[in-house]
Structures are given as structure tokens and as C-alpha cells.
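Heads up: the structure comes next, in C-alpha cells.
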Amino acid sequence: MTHDNASTGIQLNHTVVHASDRAASARFLAGVLGRTVGAPFGPFLPLDLDNGVTLDYYQAPEGPIQPQHYAFLVPDAEFDGMIGRLEAAGVTYYSDPNRTRPHEINRLFGGRGAYFADPDGHNMEILTVPYARP
């Protein structure tokens, strides 16, 4: 069976997020974003996003996790709730990707944004306006 994506073009469908504890990491991000973790799918624990992309949390073998960066475009109306959930969980958020300005948000491109680490050190970002590209 073939699928014709001519009308939709190329889209990111899913990506694998390595975690030392896939359930804890998936629940953490789902809690921040106000989403629900899906049922296990093979070795993956999915977190579905509103644009059809799935983060498939994978229980990594023993050893260090290589931190990655994941950025989420979120509705402005939900941003404050996400910051509130980070604060309630005792998670420090930052205005910059190097995490040098704690408990501050940025206002890039007329929106709001913040960075925070997940349980494995992945650098997560929430932003309300996409970056302007030249």
C-alpha cells in the first residue's frame, strides 16, 4: 500500500526520545504540556502532539543519555499554565538555551519562550511565536 503525500508535502511524523526511564520522562513532558501519554507501542511510549507528530519515548540501554533539544510551539493562552506547572513541580525554567537566566522568560519575535531540562537533561523549549528566519 502506498500513501500519496503530494497534498501535504514532507512532514515530521515521529521522533524517538531516549530516556533512562521512559515512563517518567513521558509523564514529565506530558504534565508540562498538559497532554496525556499514550498506550505503549512496541518499545515506545508515545506522546502525541496536536500537529500529528509523536514523541516516542524509548527506554535507552544503560549508560548516559545524549541530551537533545526539542522545541514546542504552544498557544499563548496555555503558556502561563505550562510555566505554572514547571514551578509547581520545582523545575527551574530559563529565558535562554544556555540556562543562565533562571526564572525568566524571553520575548523573542513578539512572543514568549522558556527553556527547561527534562529528567534526562534534554533541553526543552516552549515558545509562542516561531523564530523569524531570514
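Identifiers for the C-alpha cells are assigned positionally: chains receive A, B, ... in sequence, residues are indexed from 1 per chain, and ligands are indexed from 1 in the order shown.
Residues in contact with region 57-63 of chain A at up to 10 Å, not including ones fewer than 6 positions away on its chain and judged by only C-alpha atoms, are Thr15, Val16, Val17, His18, Ala19, Ser20, Asp21, Arg22, Ala23, Ala24, Ser25, Ala26, Val37, Pro40, Phe41, Gly42, Pro43, Phe44, Leu45, Pro46 and Leu47 of chain A.
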Phe116 (chain A): which residues within 6 Å, counting only C-alpha atoms, same-chain residues fewer than 4 positions away excluded, as a PyMOL selection string? chain A and resi 93+123-124
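When CA of His103 (chain A) is paired with CA of Asp50 (chain A), their separation reads 27.0 Å.
Remark: for Asn51 (chain A), the closest of the candidate residues A:Leu12, A:Ile65, A:Ile83, A:Leu29 is A:Leu12 (distances computed over only C-alpha atoms).
The space between CA of Ala114 (chain A) and CA of Phe28 (chain A) spans 16.1 Å.
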Practice task
From a DSSP pass on the backbone, collect the residues of chain A flagged as strand (DSSP E) and hand them back as a ChimeraX atom specification.
Solution key: /A:14-19,44-48,54-59,69-73,93-94,113-117,123-127
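If you count only C-alpha atoms and ignore residues fewer than 2 places along the chain from Tyr115 (chain A), what sits within 10 Å of it is His69, Tyr70, Ala71, Thr92, Tyr93, Tyr94, Ser95, Asp96, Pro97, Asn98, Arg99, Arg101, Pro102, His103, Glu104, Ile105, Asn106, Gly113, Ala117, Asp118, Asn123, Met124, Glu125, Ile126 and Leu127 of chain A.
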Please produce a file of those selected residues containing N, CA, C and O atoms, as an mmCIF file, in the first residue's frame.
data_model
loop_
_atom_site.group_PDB
_atom_site.id
_atom_site.type_symbol
_atom_site.label_atom_id
_atom_site.label_comp_id
_atom_site.auth_asym_id
_atom_site.auth_seq_id
_atom_site.Cartn_x
_atom_site.Cartn_y
_atom_site.Cartn_z
ATOM 1 N N HIS A 69 17.757 18.745 21.884
ATOM 2 C CA HIS A 69 16.907 19.925 22.044
ATOM 3 C C HIS A 69 15.576 19.658 21.348
ATOM 4 O O HIS A 69 15.545 19.208 20.204
ATOM 5 N N TYR A 70 14.484 19.937 22.049
ATOM 6 C CA TYR A 70 13.137 19.798 21.497
ATOM 7 C C TYR A 70 12.391 21.095 21.773
ATOM 8 O O TYR A 70 12.319 21.539 22.923
ATOM 9 N N ALA A 71 11.870 21.721 20.728
ATOM 10 C CA ALA A 71 11.153 22.987 20.870
ATOM 11 C C ALA A 71 9.683 22.778 20.507
ATOM 12 O O ALA A 71 9.379 22.146 19.498
ATOM 13 N N THR A 92 13.234 24.412 37.378
ATOM 14 C CA THR A 92 13.680 25.749 37.001
ATOM 15 C C THR A 92 13.579 25.926 35.495
ATOM 16 O O THR A 92 13.997 25.052 34.739
ATOM 17 N N TYR A 93 13.040 27.042 35.080
ATOM 18 C CA TYR A 93 12.984 27.393 33.667
ATOM 19 C C TYR A 93 13.884 28.608 33.453
ATOM 20 O O TYR A 93 14.219 29.333 34.393
ATOM 21 N N TYR A 94 14.274 28.801 32.203
ATOM 22 C CA TYR A 94 15.248 29.842 31.866
ATOM 23 C C TYR A 94 14.796 30.575 30.610
ATOM 24 O O TYR A 94 14.081 30.025 29.782
ATOM 25 N N SER A 95 15.306 31.789 30.438
ATOM 26 C CA SER A 95 14.967 32.557 29.247
ATOM 27 C C SER A 95 15.890 32.255 28.080
ATOM 28 O O SER A 95 15.618 32.670 26.957
ATOM 29 N N ASP A 96 16.968 31.522 28.320
ATOM 30 C CA ASP A 96 17.979 31.308 27.285
ATOM 31 C C ASP A 96 18.367 29.830 27.192
ATOM 32 O O ASP A 96 18.251 29.091 28.173
ATOM 33 N N PRO A 97 18.831 29.391 26.020
ATOM 34 C CA PRO A 97 19.151 27.972 25.836
ATOM 35 C C PRO A 97 20.351 27.492 26.657
ATOM 36 O O PRO A 97 20.471 26.296 26.920
ATOM 37 N N ASN A 98 21.211 28.397 27.073
ATOM 38 C CA ASN A 98 22.346 28.008 27.911
ATOM 39 C C ASN A 98 21.972 27.943 29.382
ATOM 40 O O ASN A 98 22.812 27.648 30.223
ATOM 41 N N ARG A 99 20.738 28.256 29.670
ATOM 42 C CA ARG A 99 20.173 28.182 31.013
ATOM 43 C C ARG A 99 20.993 28.993 32.025
ATOM 44 O O ARG A 99 21.388 28.490 33.062
ATOM 45 N N ARG A 101 19.781 32.326 32.835
ATOM 46 C CA ARG A 101 18.864 33.320 33.414
ATOM 47 C C ARG A 101 17.645 32.599 33.984
ATOM 48 O O ARG A 101 16.608 32.510 33.337
ATOM 49 N N PRO A 102 17.779 32.068 35.212
ATOM 50 C CA PRO A 102 16.688 31.288 35.812
ATOM 51 C C PRO A 102 15.467 32.128 36.148
ATOM 52 O O PRO A 102 15.569 33.312 36.454
ATOM 53 N N HIS A 103 14.316 31.472 36.073
ATOM 54 C CA HIS A 103 13.018 32.056 36.439
ATOM 55 C C HIS A 103 12.685 33.298 35.623
ATOM 56 O O HIS A 103 11.993 34.189 36.103
ATOM 57 N N GLU A 104 13.196 33.328 34.382
ATOM 58 C CA GLU A 104 12.870 34.398 33.450
ATOM 59 C C GLU A 104 12.390 33.769 32.155
ATOM 60 O O GLU A 104 12.774 32.655 31.821
ATOM 61 N N ILE A 105 11.541 34.488 31.435
ATOM 62 C CA ILE A 105 11.123 34.067 30.105
ATOM 63 C C ILE A 105 11.715 35.048 29.099
ATOM 64 O O ILE A 105 12.142 36.142 29.465
ATOM 65 N N ASN A 106 11.753 34.666 27.829
ATOM 66 C CA ASN A 106 12.192 35.596 26.798
ATOM 67 C C ASN A 106 10.972 36.118 26.054
ATOM 68 O O ASN A 106 9.867 35.602 26.194
ATOM 69 N N GLY A 113 8.873 32.767 25.527
ATOM 70 C CA GLY A 113 9.524 31.468 25.470
ATOM 71 C C GLY A 113 10.292 31.172 26.737
ATOM 72 O O GLY A 113 10.621 32.068 27.513
ATOM 73 N N ALA A 117 15.025 21.746 31.566
ATOM 74 C CA ALA A 117 15.580 20.408 31.369
ATOM 75 C C ALA A 117 14.548 19.358 31.762
ATOM 76 O O ALA A 117 13.827 19.520 32.743
ATOM 77 N N ASP A 118 14.508 18.268 30.980
ATOM 78 C CA ASP A 118 13.663 17.135 31.367
ATOM 79 C C ASP A 118 14.486 16.241 32.298
ATOM 80 O O ASP A 118 15.650 16.547 32.583
ATOM 81 N N ASN A 123 17.172 19.482 26.556
ATOM 82 C CA ASN A 123 16.885 20.910 26.657
ATOM 83 C C ASN A 123 15.554 21.184 25.954
ATOM 84 O O ASN A 123 15.490 21.257 24.735
ATOM 85 N N MET A 124 14.500 21.297 26.726
ATOM 86 C CA MET A 124 13.162 21.517 26.202
ATOM 87 C C MET A 124 12.894 23.012 26.100
ATOM 88 O O MET A 124 13.370 23.793 26.926
ATOM 89 N N GLU A 125 12.124 23.388 25.090
ATOM 90 C CA GLU A 125 11.781 24.789 24.889
ATOM 91 C C GLU A 125 10.297 24.896 24.580
ATOM 92 O O GLU A 125 9.761 24.112 23.806
ATOM 93 N N ILE A 126 9.658 25.878 25.186
ATOM 94 C CA ILE A 126 8.287 26.236 24.813
ATOM 95 C C ILE A 126 8.347 27.664 24.286
ATOM 96 O O ILE A 126 9.029 28.518 24.845
ATOM 97 N N LEU A 127 7.642 27.916 23.171
ATOM 98 C CA LEU A 127 7.624 29.240 22.587
ATOM 99 C C LEU A 127 6.258 29.487 21.958
ATOM 100 O O LEU A 127 5.603 28.562 21.502
#
With distances taken over only C-alpha atoms, the candidate from A:Gly9, A:Pro130, A:Arg85, A:His122 nearest Ala30 (chain A) is A:Arg85
Please identify all polymer residues within 8 Å of Val129 (chain A), counting only C-alpha atoms, omitting same-chain residues fewer than 5 positions from it, and present them as a PDB file with C-alpha atoms, in the first residue's frame.
ATOM      1  CA  LEU A  73       5.256  25.895  19.602  1.00  0.00           C
ATOM      2  CA  LEU A 108      11.646  36.880  21.152  1.00  0.00           C
ATOM      3  CA  PHE A 109       9.828  37.814  17.935  1.00  0.00           C
ATOM      4  CA  GLY A 110       6.926  39.302  19.865  1.00  0.00           C
ATOM      5  CA  GLY A 111       6.132  36.066  21.708  1.00  0.00           C
ATOM      6  CA  ARG A 112       7.181  34.374  24.915  1.00  0.00           C
TER       7      ARG A 112
END
In Å and to one decimal, CA of Val74 (chain A) is distant from CA of Leu49 (chain A) by 10.3 Å
